[in-house]
Amino acid sequence: MADREDTLLTNRAAKLERIRAKGIDPYPARFSRTCDTATATAMFEANEGDDGSQDKVQDVLLAGRITSMRTMGKAAFLDLQDASGVIQALLRLNNLGDGFDLIKDLDLGDHLGVRGNLMRTRTGQVTIDAVELTVTAKGMRPLPEKWHGLRDVETRYRQRYLDLIANQDEIMPVFVLRSKVISGIRRFLDDRGFLEVDTPILVPVAAGAHAKPFDTHHNALDQKLYLRIATELYLKRLIIGGFDKVYEIGRVFRNEGIDQDHNPEFTLLESYEAYADYIQVMDMVEQMVATIAIAVNGSAQVTIGENVIDFTPPWQRVSMREELEKRSGIDLESYDDEALRRRAAKLGIDTKVLESRGRLIDKLLSTFVEPHLIQPTFVLDYPEEMSPLAKAKPDSPGYVERFEAFACGMEIANSYSELNDPVVQRERFEGQEQIRALYEDEEVDRQDEDFLTAMEYGMPPTGGLGVGIDRLVMLLAGQRSIRDVLLFPQMRTLKGESAEAEPEEEPENEATE
RNA sequence: GGGCCGUUAGCUCAGUUGGCAGAGCACCGGACUUUUAAUCCGGGUGUCGUGGGUUCGACCCCCACACGGCCCA
């Protein structure tokens with residue numbers, strides 16, 4: 001540990017002891033505020049007469065963290081920050097008497113309660129003129145610097161609380177927006193008669209998507225379990241069971257890489273509506289996103305970099321095949337697997353690892369098509385082999401009724417007319433297993449026997465939807481990285497930080513005295 | 001997985017053809033009863049990410065590693 005830090009901590013500890021020596025509890029159990037700081041300011045302004053008479057808001061109790069201190073001998077100005085904002089407190093020897101001494105033992109970062117009267121200073125700032133101070137929690141560590149805030153991204157993610165304290169104005173609104181997006185989705189779906197449900201996170205089969213699961217073990221059952229990679233198959237079981245419209249907003253887990261738009265756990269909305277198809281889901285998605293954009297930003301338009309993204313329906317709808325041909329010159333129908341691979345390689349796609357046709361098409365799309373989809377766009381009708389849970393498109397052999405929605409080059413939604421023929425579903429799962437056998441390292445969907453049994457009891461025609469909430473929040477909040485819309489993004493555990501992290505054998509040096 | 005960049009005081013950052021480690025804020029001491037990046041006077045508090053190497057001498061050059069970021073896959 002650095003000596004300097006020791007000194008800073010020692011200073012704080014000494015102040016803590018002095019506070020205690022005065023008979024003050026530096027960590028009292030409670031402090032009753034009259035209101036938060038923003039409300040206090042609004043209250044004062046509302047009661048303020050035109051003539052500046054300002055004696056109507058007296059004897060209020062406010063509290064916050066000290067983020068700035070300007071001491072001037074026998075008076076001091078402090079800034080008290082709470083979730084609603086900041087209010088200035090004026091501490092004067094005249095008003096506080098012996099209590100004024102406490103200033104010497106206050107630090108930036110301490111939580112302080114102030115009783116006093118609201119007033120305006122000479123410079124016009126609404127301020128609480130303190131008559132009594134209460135230490136509500138002494139801070140024992142120095143805060144990041146007040147002017148530049150906390151900029152080190154690693155520290156911001158690892159110690160998000162410091163980021164929130166130091167960069168409150170910058171980042172708190174992002175997470176408030178995130179919360180509004182989620183509550184807005186709930187309201188939107190609830191209003192349309194959807195039922196919110198909870199399905200298992202610990203599952204015996206990690207099915208419903210092409211992704212590598214986290215695995216774990218249940219001791220009492222002595223059974224391997226996985227963390228879910230999707231909620232799809234359980235929600236479909238509920239449609240089979242007779243619920244008409246269900247949705248779940250839940251965390252799913254994919255044991256894959258971490259980058260600007262991937263975190264190993266992320267929040268997924270899935271909804272299923274009996275007797276709907278993907279066209280109806282499309283209508284719902286554009287309505288939902290526009291509604292939420294307006295709810296959180298007051299506008300269906302969002303400025304991201306140089307682009308103004310307009311979520312106002314209707315969104316552009318393009319055929320996957322046509323769009324790919326337009327952007328890359330490749331008409332999928334003219335190429336068998338091998339020819340497609342050669343053509344892709346010629347266009348600069350890395351084809352060193354042998355990949356399935358579906359995976360190859362996926363790469364072509366993400367290289368040639370997706371980056372161009374800036375305005376909200378539905379891409380329709382994907383190859384069957386990429387979509388084992390989607391219903392075949394009539395009159396288009398090899399294709400399924402599926403759309404993905406993109407904005408700003410990023411996928412935000414995925415939807416199918418759901419496959420409900422159990423025989424075909426079994427064939428599709430088997431097709432996935434063949435892909436797995438042929439192409440090593442390729443993630444495919446897994447066969448879920450229990451789900452097939454469920455489908456054999458009869459699943460009505462259904463429109464399904466998945467929306468990556470984190471990415472939607474990124475768009476609506478104008479954030480580049482998924483880490484900036486996650487309060488606690490996944491980080492590698494630092495050495496020595498967790499005893500659980502590396503259960504390395506340590507030589508036992510006990511039994512000597 | 002590959003490439004590039006970063007890691008220096010509590011925080012934000014300088015720095016050196018390789019020669020005693022710097023600033024602002026914070027902090028410590030002093031002055032100051034309407035300040036607001038308060039001001040004024042005095043004080044630098046450091047394992048320069050970690051471990052090796054080269055060198056008379058390394059924060060700087062070399063190698064490896066750790067963590068993070070960006071780009072690519």
# chains A, B, ... in the order shown; residues from 1 in each chain; ligands from 1

call {"tool": "closest_atom_pairs", "arguments": {"of": "chain A", "to": "chain B", "cutoff": "6 Å", "atoms": "only C-alpha atoms (C1' of nucleotides)", "output": "Markdown table"}}
result
| residue | atom | partner | partner_atom | distance |
| --- | --- | --- | --- | --- |
| A:Arg4 | CA | B:U45 | C1' | 5.2 |
| A:Met72 | CA | B:C32 | C1' | 5.0 |
| A:Gly73 | CA | B:C32 | C1' | 5.2 |
| A:Lys74 | CA | B:U33 | C1' | 5.1 |
| A:Ala75 | CA | B:U33 | C1' | 4.8 |
| A:Thr121 | CA | B:U34 | C1' | 5.9 |
| A:Arg122 | CA | B:U34 | C1' | 5.9 |
| A:Pro142 | CA | B:G10 | C1' | 5.8 |
| A:Pro144 | CA | B:C11 | C1' | 4.4 |
| A:Glu145 | CA | B:C11 | C1' | 4.3 |
| A:His148 | CA | B:U12 | C1' | 5.8 |
| A:Glu154 | CA | B:G68 | C1' | 5.8 |

call {"tool": "write_last_selection", "arguments": {"atoms": "N, CA, C and O atoms", "output": "PDB file, in the first residue's frame"}}
result
ATOM      1  N   ARG A   4       1.491   7.371   0.657  1.00  0.00           N
ATOM      2  CA  ARG A   4       0.682   8.564   0.509  1.00  0.00           C
ATOM      3  C   ARG A   4      -0.784   8.273   0.819  1.00  0.00           C
ATOM      4  O   ARG A   4      -1.457   9.016   1.515  1.00  0.00           O
ATOM      5  N   MET A  72     -13.807  30.098   4.728  1.00  0.00           N
ATOM      6  CA  MET A  72     -13.282  31.465   4.826  1.00  0.00           C
ATOM      7  C   MET A  72     -13.194  31.895   6.283  1.00  0.00           C
ATOM      8  O   MET A  72     -13.792  32.882   6.684  1.00  0.00           O
ATOM      9  N   GLY A  73     -12.498  31.124   7.039  1.00  0.00           N
ATOM     10  CA  GLY A  73     -12.329  31.517   8.430  1.00  0.00           C
ATOM     11  C   GLY A  73     -13.561  31.261   9.259  1.00  0.00           C
ATOM     12  O   GLY A  73     -13.748  30.167   9.770  1.00  0.00           O
ATOM     13  N   LYS A  74     -14.410  32.278   9.339  1.00  0.00           N
ATOM     14  CA  LYS A  74     -15.574  32.143  10.212  1.00  0.00           C
ATOM     15  C   LYS A  74     -16.852  31.847   9.424  1.00  0.00           C
ATOM     16  O   LYS A  74     -17.949  31.975   9.962  1.00  0.00           O
ATOM     17  N   ALA A  75     -16.680  31.478   8.165  1.00  0.00           N
ATOM     18  CA  ALA A  75     -17.821  31.061   7.346  1.00  0.00           C
ATOM     19  C   ALA A  75     -17.313  30.060   6.315  1.00  0.00           C
ATOM     20  O   ALA A  75     -16.108  29.995   6.028  1.00  0.00           O
ATOM     21  N   THR A 121     -28.070  33.956  -1.940  1.00  0.00           N
ATOM     22  CA  THR A 121     -26.846  34.711  -1.645  1.00  0.00           C
ATOM     23  C   THR A 121     -26.802  35.962  -2.500  1.00  0.00           C
ATOM     24  O   THR A 121     -27.639  36.159  -3.377  1.00  0.00           O
ATOM     25  N   ARG A 122     -25.792  36.757  -2.249  1.00  0.00           N
ATOM     26  CA  ARG A 122     -25.628  37.993  -3.038  1.00  0.00           C
ATOM     27  C   ARG A 122     -25.578  37.705  -4.526  1.00  0.00           C
ATOM     28  O   ARG A 122     -26.008  38.495  -5.350  1.00  0.00           O
ATOM     29  N   PRO A 142     -10.433   9.484   0.050  1.00  0.00           N
ATOM     30  CA  PRO A 142     -10.543  10.697  -0.759  1.00  0.00           C
ATOM     31  C   PRO A 142     -11.318  10.445  -2.051  1.00  0.00           C
ATOM     32  O   PRO A 142     -11.185   9.390  -2.656  1.00  0.00           O
ATOM     33  N   PRO A 144     -12.364  11.175  -6.083  1.00  0.00           N
ATOM     34  CA  PRO A 144     -11.654  11.613  -7.292  1.00  0.00           C
ATOM     35  C   PRO A 144     -11.724  13.141  -7.419  1.00  0.00           C
ATOM     36  O   PRO A 144     -12.575  13.776  -6.813  1.00  0.00           O
ATOM     37  N   GLU A 145     -10.867  13.675  -8.232  1.00  0.00           N
ATOM     38  CA  GLU A 145     -10.774  15.115  -8.375  1.00  0.00           C
ATOM     39  C   GLU A 145     -12.062  15.721  -8.916  1.00  0.00           C
ATOM     40  O   GLU A 145     -12.755  15.145  -9.747  1.00  0.00           O
ATOM     41  N   HIS A 148     -11.986  17.431 -13.143  1.00  0.00           N
ATOM     42  CA  HIS A 148     -11.921  16.519 -14.283  1.00  0.00           C
ATOM     43  C   HIS A 148     -12.749  15.271 -14.053  1.00  0.00           C
ATOM     44  O   HIS A 148     -12.961  14.489 -14.974  1.00  0.00           O
ATOM     45  N   GLU A 154     -11.128   2.025 -16.620  1.00  0.00           N
ATOM     46  CA  GLU A 154     -11.078   0.787 -15.837  1.00  0.00           C
ATOM     47  C   GLU A 154     -11.635   1.017 -14.431  1.00  0.00           C
ATOM     48  O   GLU A 154     -12.447   0.239 -13.931  1.00  0.00           O
TER      49      GLU A 154
END

call {"tool": "select_by_dssp", "arguments": {"residues": "stretch 217-246 of chain A", "states": "alpha helix (DSSP H)", "output": "PyMOL selection string"}}
result
chain A and resi 232-241

call {"tool": "write_last_selection", "arguments": {"atoms": "N, CA and C atoms", "output": "mmCIF file, in the first residue's frame"}}
result
data_model
loop_
_atom_site.group_PDB
_atom_site.id
_atom_site.type_symbol
_atom_site.label_atom_id
_atom_site.label_comp_id
_atom_site.auth_asym_id
_atom_site.auth_seq_id
_atom_site.Cartn_x
_atom_site.Cartn_y
_atom_site.Cartn_z
ATOM 1 N N GLU A 232 -36.552 -18.259 -25.166
ATOM 2 C CA GLU A 232 -37.494 -18.624 -26.224
ATOM 3 C C GLU A 232 -38.304 -19.894 -25.980
ATOM 4 N N LEU A 233 -37.629 -20.990 -25.674
ATOM 5 C CA LEU A 233 -38.346 -22.258 -25.653
ATOM 6 C C LEU A 233 -39.289 -22.367 -24.454
ATOM 7 N N TYR A 234 -38.960 -21.722 -23.355
ATOM 8 C CA TYR A 234 -39.888 -21.734 -22.218
ATOM 9 C C TYR A 234 -41.107 -20.854 -22.501
ATOM 10 N N LEU A 235 -40.878 -19.722 -23.134
ATOM 11 C CA LEU A 235 -42.025 -18.864 -23.450
ATOM 12 C C LEU A 235 -42.949 -19.556 -24.446
ATOM 13 N N LYS A 236 -42.376 -20.294 -25.375
ATOM 14 C CA LYS A 236 -43.216 -21.038 -26.323
ATOM 15 C C LYS A 236 -44.013 -22.125 -25.606
ATOM 16 N N ARG A 237 -43.403 -22.742 -24.588
ATOM 17 C CA ARG A 237 -44.153 -23.731 -23.802
ATOM 18 C C ARG A 237 -45.399 -23.074 -23.197
ATOM 19 N N LEU A 238 -45.281 -21.815 -22.836
ATOM 20 C CA LEU A 238 -46.429 -21.133 -22.245
ATOM 21 C C LEU A 238 -47.495 -20.843 -23.296
ATOM 22 N N ILE A 239 -47.043 -20.528 -24.515
ATOM 23 C CA ILE A 239 -48.014 -20.361 -25.609
ATOM 24 C C ILE A 239 -48.726 -21.689 -25.849
ATOM 25 N N ILE A 240 -47.958 -22.771 -25.841
ATOM 26 C CA ILE A 240 -48.550 -24.105 -25.989
ATOM 27 C C ILE A 240 -49.552 -24.349 -24.857
ATOM 28 N N GLY A 241 -49.175 -23.911 -23.663
ATOM 29 C CA GLY A 241 -50.033 -24.102 -22.497
ATOM 30 C C GLY A 241 -51.302 -23.284 -22.543
#

call {"tool": "atom_distance", "arguments": {"atom1": "atom CA of A:Ile349", "atom2": "atom CA of A:Met320"}}
result
18.5 Å

call {"tool": "residues_around", "arguments": {"residues": "A:Glu323", "least_positions_apart": "3", "cutoff": "12 Å", "atoms": "only C-alpha atoms (C1' of nucleotides)", "output": "list in words"}}
result
Gln316, Arg317, Val318, Ser319, Met320, Lys326, Arg327, Ser328, Gly329, Ile330, Asp331, Leu332, Leu364, Leu365, Ser366, Phe368, Val369, Glu370, His372, Leu373, Thr377, Phe378, Val379, Leu380, Asp381 and Tyr382 of chain A

call {"tool": "write_last_selection", "arguments": {"atoms": "C-alpha atoms", "output": "mmCIF file, in the first residue's frame"}}
result
data_model
loop_
_atom_site.group_PDB
_atom_site.id
_atom_site.type_symbol
_atom_site.label_atom_id
_atom_site.label_comp_id
_atom_site.auth_asym_id
_atom_site.auth_seq_id
_atom_site.Cartn_x
_atom_site.Cartn_y
_atom_site.Cartn_z
ATOM 1 C CA GLN A 316 -37.893 0.653 -44.155
ATOM 2 C CA ARG A 317 -38.430 -3.035 -44.997
ATOM 3 C CA VAL A 318 -35.962 -4.791 -47.273
ATOM 4 C CA SER A 319 -35.495 -8.349 -48.416
ATOM 5 C CA MET A 320 -32.361 -9.964 -47.037
ATOM 6 C CA LYS A 326 -27.429 -4.911 -53.851
ATOM 7 C CA ARG A 327 -24.547 -4.385 -51.417
ATOM 8 C CA SER A 328 -22.222 -7.245 -52.341
ATOM 9 C CA GLY A 329 -23.365 -8.368 -55.773
ATOM 10 C CA ILE A 330 -24.022 -11.847 -54.459
ATOM 11 C CA ASP A 331 -27.277 -13.540 -55.323
ATOM 12 C CA LEU A 332 -27.417 -16.413 -52.889
ATOM 13 C CA LEU A 364 -21.507 -11.413 -45.565
ATOM 14 C CA LEU A 365 -24.451 -9.600 -44.050
ATOM 15 C CA SER A 366 -22.462 -8.115 -41.206
ATOM 16 C CA PHE A 368 -21.715 -5.683 -46.558
ATOM 17 C CA VAL A 369 -25.222 -4.952 -45.362
ATOM 18 C CA GLU A 370 -25.500 -4.165 -41.674
ATOM 19 C CA HIS A 372 -25.246 0.567 -44.084
ATOM 20 C CA LEU A 373 -28.451 0.169 -42.099
ATOM 21 C CA THR A 377 -34.610 -1.030 -41.144
ATOM 22 C CA PHE A 378 -36.254 -4.435 -41.127
ATOM 23 C CA VAL A 379 -34.346 -7.084 -43.037
ATOM 24 C CA LEU A 380 -36.709 -9.853 -44.050
ATOM 25 C CA ASP A 381 -36.560 -13.561 -44.783
ATOM 26 C CA TYR A 382 -33.433 -15.417 -43.795
#

call {"tool": "closest_residue", "arguments": {"among": "B:G15, B:G29, B:G6, B:G24", "to": "B:C48", "atoms": "only C-alpha atoms (C1' of nucleotides)"}}
result
B:G15

call {"tool": "residues_around", "arguments": {"residues": "stretch 470-473 of chain A", "least_positions_apart": "5", "cutoff": "9 Å", "atoms": "only C-alpha atoms (C1' of nucleotides)", "output": "PDB file with all heavy atoms, in the first residue's frame"}}
result
ATOM      1  N   VAL A 174     -27.996   8.274 -17.950  1.00  0.00           N
ATOM      2  CA  VAL A 174     -27.997   7.099 -18.814  1.00  0.00           C
ATOM      3  C   VAL A 174     -28.740   5.946 -18.136  1.00  0.00           C
ATOM      4  O   VAL A 174     -29.532   5.233 -18.761  1.00  0.00           O
ATOM      5  CB  VAL A 174     -26.558   6.662 -19.153  1.00  0.00           C
ATOM      6  CG1 VAL A 174     -26.566   5.337 -19.916  1.00  0.00           C
ATOM      7  CG2 VAL A 174     -25.852   7.740 -19.961  1.00  0.00           C
ATOM      8  N   LEU A 177     -32.388   6.634 -17.884  1.00  0.00           N
ATOM      9  CA  LEU A 177     -32.989   6.343 -19.192  1.00  0.00           C
ATOM     10  C   LEU A 177     -33.177   4.843 -19.376  1.00  0.00           C
ATOM     11  O   LEU A 177     -34.225   4.382 -19.820  1.00  0.00           O
ATOM     12  CB  LEU A 177     -32.103   6.910 -20.303  1.00  0.00           C
ATOM     13  CG  LEU A 177     -32.630   6.755 -21.738  1.00  0.00           C
ATOM     14  CD1 LEU A 177     -32.211   7.965 -22.571  1.00  0.00           C
ATOM     15  CD2 LEU A 177     -32.114   5.497 -22.408  1.00  0.00           C
ATOM     16  N   ARG A 178     -32.172   4.093 -18.983  1.00  0.00           N
ATOM     17  CA  ARG A 178     -32.267   2.639 -19.103  1.00  0.00           C
ATOM     18  C   ARG A 178     -33.494   2.121 -18.339  1.00  0.00           C
ATOM     19  O   ARG A 178     -34.256   1.302 -18.834  1.00  0.00           O
ATOM     20  CB  ARG A 178     -30.997   1.983 -18.556  1.00  0.00           C
ATOM     21  CG  ARG A 178     -31.010   0.495 -18.709  1.00  0.00           C
ATOM     22  CD  ARG A 178     -29.804  -0.199 -18.077  1.00  0.00           C
ATOM     23  NE  ARG A 178     -30.079  -1.619 -18.096  1.00  0.00           N
ATOM     24  CZ  ARG A 178     -29.478  -2.492 -18.902  1.00  0.00           C
ATOM     25  NH1 ARG A 178     -28.524  -2.103 -19.716  1.00  0.00           N
ATOM     26  NH2 ARG A 178     -29.829  -3.762 -18.888  1.00  0.00           N
ATOM     27  N   VAL A 181     -36.586   2.937 -20.211  1.00  0.00           N
ATOM     28  CA  VAL A 181     -36.782   2.081 -21.381  1.00  0.00           C
ATOM     29  C   VAL A 181     -37.469   0.788 -20.952  1.00  0.00           C
ATOM     30  O   VAL A 181     -38.442   0.339 -21.565  1.00  0.00           O
ATOM     31  CB  VAL A 181     -35.433   1.778 -22.075  1.00  0.00           C
ATOM     32  CG1 VAL A 181     -35.576   0.636 -23.073  1.00  0.00           C
ATOM     33  CG2 VAL A 181     -34.902   3.031 -22.759  1.00  0.00           C
ATOM     34  N   ASP A 261     -20.086  -4.287 -28.029  1.00  0.00           N
ATOM     35  CA  ASP A 261     -21.511  -4.564 -27.878  1.00  0.00           C
ATOM     36  C   ASP A 261     -21.818  -5.977 -27.418  1.00  0.00           C
ATOM     37  O   ASP A 261     -22.887  -6.511 -27.688  1.00  0.00           O
ATOM     38  CB  ASP A 261     -22.326  -4.169 -29.120  1.00  0.00           C
ATOM     39  CG  ASP A 261     -21.594  -4.450 -30.415  1.00  0.00           C
ATOM     40  OD1 ASP A 261     -20.872  -5.474 -30.457  1.00  0.00           O
ATOM     41  OD2 ASP A 261     -21.698  -3.667 -31.338  1.00  0.00           O
ATOM     42  N   PHE A 266     -26.530 -10.245 -20.498  1.00  0.00           N
ATOM     43  CA  PHE A 266     -27.198  -9.069 -21.021  1.00  0.00           C
ATOM     44  C   PHE A 266     -28.702  -9.244 -20.899  1.00  0.00           C
ATOM     45  O   PHE A 266     -29.192 -10.323 -20.551  1.00  0.00           O
ATOM     46  CB  PHE A 266     -26.771  -8.797 -22.468  1.00  0.00           C
ATOM     47  CG  PHE A 266     -27.125  -9.876 -23.442  1.00  0.00           C
ATOM     48  CD1 PHE A 266     -28.247  -9.764 -24.249  1.00  0.00           C
ATOM     49  CD2 PHE A 266     -26.333 -10.998 -23.568  1.00  0.00           C
ATOM     50  CE1 PHE A 266     -28.576 -10.761 -25.163  1.00  0.00           C
ATOM     51  CE2 PHE A 266     -26.657 -11.998 -24.471  1.00  0.00           C
ATOM     52  CZ  PHE A 266     -27.780 -11.878 -25.270  1.00  0.00           C
ATOM     53  N   THR A 267     -29.415  -8.183 -21.136  1.00  0.00           N
ATOM     54  CA  THR A 267     -30.849  -8.192 -20.864  1.00  0.00           C
ATOM     55  C   THR A 267     -31.617  -8.330 -22.169  1.00  0.00           C
ATOM     56  O   THR A 267     -31.403  -7.550 -23.093  1.00  0.00           O
ATOM     57  CB  THR A 267     -31.263  -6.902 -20.129  1.00  0.00           C
ATOM     58  OG1 THR A 267     -30.506  -6.826 -18.920  1.00  0.00           O
ATOM     59  CG2 THR A 267     -32.744  -6.931 -19.787  1.00  0.00           C
ATOM     60  N   LEU A 268     -32.452  -9.331 -22.202  1.00  0.00           N
ATOM     61  CA  LEU A 268     -33.174  -9.662 -23.421  1.00  0.00           C
ATOM     62  C   LEU A 268     -34.676  -9.577 -23.160  1.00  0.00           C
ATOM     63  O   LEU A 268     -35.165 -10.095 -22.162  1.00  0.00           O
ATOM     64  CB  LEU A 268     -32.795 -11.093 -23.832  1.00  0.00           C
ATOM     65  CG  LEU A 268     -33.366 -11.632 -25.132  1.00  0.00           C
ATOM     66  CD1 LEU A 268     -32.853 -10.848 -26.332  1.00  0.00           C
ATOM     67  CD2 LEU A 268     -33.004 -13.113 -25.281  1.00  0.00           C
ATOM     68  N   VAL A 289     -40.694   0.831 -30.264  1.00  0.00           N
ATOM     69  CA  VAL A 289     -39.440   1.581 -30.168  1.00  0.00           C
ATOM     70  C   VAL A 289     -39.713   3.084 -30.285  1.00  0.00           C
ATOM     71  O   VAL A 289     -39.146   3.886 -29.545  1.00  0.00           O
ATOM     72  CB  VAL A 289     -38.426   1.097 -31.220  1.00  0.00           C
ATOM     73  CG1 VAL A 289     -37.188   1.989 -31.220  1.00  0.00           C
ATOM     74  CG2 VAL A 289     -38.030  -0.354 -30.950  1.00  0.00           C
ATOM     75  N   MET A 410     -26.563  -1.540 -36.082  1.00  0.00           N
ATOM     76  CA  MET A 410     -26.576  -2.501 -34.976  1.00  0.00           C
ATOM     77  C   MET A 410     -27.910  -3.250 -34.950  1.00  0.00           C
ATOM     78  O   MET A 410     -28.964  -2.653 -35.133  1.00  0.00           O
ATOM     79  CB  MET A 410     -26.376  -1.716 -33.678  1.00  0.00           C
ATOM     80  CG  MET A 410     -26.102  -2.563 -32.474  1.00  0.00           C
ATOM     81  SD  MET A 410     -25.360  -1.560 -31.155  1.00  0.00           S
ATOM     82  CE  MET A 410     -26.635  -0.363 -30.874  1.00  0.00           C
ATOM     83  N   GLU A 411     -27.823  -4.555 -34.707  1.00  0.00           N
ATOM     84  CA  GLU A 411     -29.046  -5.340 -34.612  1.00  0.00           C
ATOM     85  C   GLU A 411     -29.761  -5.017 -33.308  1.00  0.00           C
ATOM     86  O   GLU A 411     -29.161  -5.047 -32.241  1.00  0.00           O
ATOM     87  CB  GLU A 411     -28.717  -6.836 -34.649  1.00  0.00           C
ATOM     88  CG  GLU A 411     -29.953  -7.708 -34.551  1.00  0.00           C
ATOM     89  CD  GLU A 411     -29.641  -9.154 -34.176  1.00  0.00           C
ATOM     90  OE1 GLU A 411     -28.503  -9.609 -34.409  1.00  0.00           O
ATOM     91  OE2 GLU A 411     -30.534  -9.816 -33.630  1.00  0.00           O
ATOM     92  N   ILE A 412     -31.046  -4.690 -33.420  1.00  0.00           N
ATOM     93  CA  ILE A 412     -31.776  -4.424 -32.181  1.00  0.00           C
ATOM     94  C   ILE A 412     -32.949  -5.377 -31.961  1.00  0.00           C
ATOM     95  O   ILE A 412     -33.472  -5.463 -30.858  1.00  0.00           O
ATOM     96  CB  ILE A 412     -32.284  -2.968 -32.102  1.00  0.00           C
ATOM     97  CG1 ILE A 412     -33.130  -2.607 -33.316  1.00  0.00           C
ATOM     98  CG2 ILE A 412     -31.119  -2.006 -31.942  1.00  0.00           C
ATOM     99  CD1 ILE A 412     -33.777  -1.244 -33.202  1.00  0.00           C
ATOM    100  N   ALA A 413     -33.370  -6.079 -32.987  1.00  0.00           N
ATOM    101  CA  ALA A 413     -34.488  -6.995 -32.788  1.00  0.00           C
ATOM    102  C   ALA A 413     -34.392  -8.147 -33.768  1.00  0.00           C
ATOM    103  O   ALA A 413     -33.768  -8.045 -34.830  1.00  0.00           O
ATOM    104  CB  ALA A 413     -35.818  -6.270 -32.968  1.00  0.00           C
ATOM    105  N   GLY A 478     -27.331   7.263 -26.830  1.00  0.00           N
ATOM    106  CA  GLY A 478     -26.174   7.742 -27.579  1.00  0.00           C
ATOM    107  C   GLY A 478     -24.843   7.254 -27.018  1.00  0.00           C
ATOM    108  O   GLY A 478     -23.850   7.978 -27.050  1.00  0.00           O
ATOM    109  N   GLN A 479     -24.817   6.037 -26.520  1.00  0.00           N
ATOM    110  CA  GLN A 479     -23.586   5.486 -25.953  1.00  0.00           C
ATOM    111  C   GLN A 479     -22.955   4.506 -26.948  1.00  0.00           C
ATOM    112  O   GLN A 479     -23.651   3.715 -27.571  1.00  0.00           O
ATOM    113  CB  GLN A 479     -23.872   4.759 -24.629  1.00  0.00           C
ATOM    114  CG  GLN A 479     -24.422   5.670 -23.550  1.00  0.00           C
ATOM    115  CD  GLN A 479     -23.424   6.724 -23.122  1.00  0.00           C
ATOM    116  OE1 GLN A 479     -22.240   6.439 -22.946  1.00  0.00           O
ATOM    117  NE2 GLN A 479     -23.888   7.947 -22.968  1.00  0.00           N
ATOM    118  N   SER A 481     -20.569   2.149 -26.218  1.00  0.00           N
ATOM    119  CA  SER A 481     -20.166   0.856 -25.679  1.00  0.00           C
ATOM    120  C   SER A 481     -21.245   0.304 -24.763  1.00  0.00           C
ATOM    121  O   SER A 481     -21.857   1.040 -23.987  1.00  0.00           O
ATOM    122  CB  SER A 481     -18.861   1.005 -24.901  1.00  0.00           C
ATOM    123  OG  SER A 481     -18.598  -0.175 -24.179  1.00  0.00           O
ATOM    124  N   ILE A 482     -21.438  -1.007 -24.856  1.00  0.00           N
ATOM    125  CA  ILE A 482     -22.424  -1.649 -23.986  1.00  0.00           C
ATOM    126  C   ILE A 482     -22.027  -1.456 -22.522  1.00  0.00           C
ATOM    127  O   ILE A 482     -22.879  -1.409 -21.636  1.00  0.00           O
ATOM    128  CB  ILE A 482     -22.566  -3.154 -24.333  1.00  0.00           C
ATOM    129  CG1 ILE A 482     -23.832  -3.734 -23.706  1.00  0.00           C
ATOM    130  CG2 ILE A 482     -21.344  -3.945 -23.906  1.00  0.00           C
ATOM    131  CD1 ILE A 482     -24.187  -5.116 -24.204  1.00  0.00           C
ATOM    132  N   VAL A 485     -23.772   1.273 -20.729  1.00  0.00           N
ATOM    133  CA  VAL A 485     -25.182   1.172 -20.348  1.00  0.00           C
ATOM    134  C   VAL A 485     -25.396   0.036 -19.339  1.00  0.00           C
ATOM    135  O   VAL A 485     -26.526  -0.275 -18.995  1.00  0.00           O
ATOM    136  CB  VAL A 485     -26.113   0.987 -21.567  1.00  0.00           C
ATOM    137  CG1 VAL A 485     -25.973   2.171 -22.517  1.00  0.00           C
ATOM    138  CG2 VAL A 485     -25.850  -0.309 -22.287  1.00  0.00           C
ATOM    139  N   LEU A 486     -24.296  -0.575 -18.913  1.00  0.00           N
ATOM    140  CA  LEU A 486     -24.356  -1.587 -17.853  1.00  0.00           C
ATOM    141  C   LEU A 486     -23.728  -0.994 -16.610  1.00  0.00           C
ATOM    142  O   LEU A 486     -22.620  -0.471 -16.673  1.00  0.00           O
ATOM    143  CB  LEU A 486     -23.561  -2.836 -18.257  1.00  0.00           C
ATOM    144  CG  LEU A 486     -24.090  -3.619 -19.446  1.00  0.00           C
ATOM    145  CD1 LEU A 486     -23.065  -4.660 -19.885  1.00  0.00           C
ATOM    146  CD2 LEU A 486     -25.406  -4.289 -19.087  1.00  0.00           C
TER     147      LEU A 486
END

call {"tool": "residues_around", "arguments": {"residues": "B:G52", "least_positions_apart": "2", "cutoff": "12 Å", "atoms": "only C-alpha atoms (C1' of nucleotides)", "output": "number ranges by chain"}}
result
B: 50, 54, 62-65
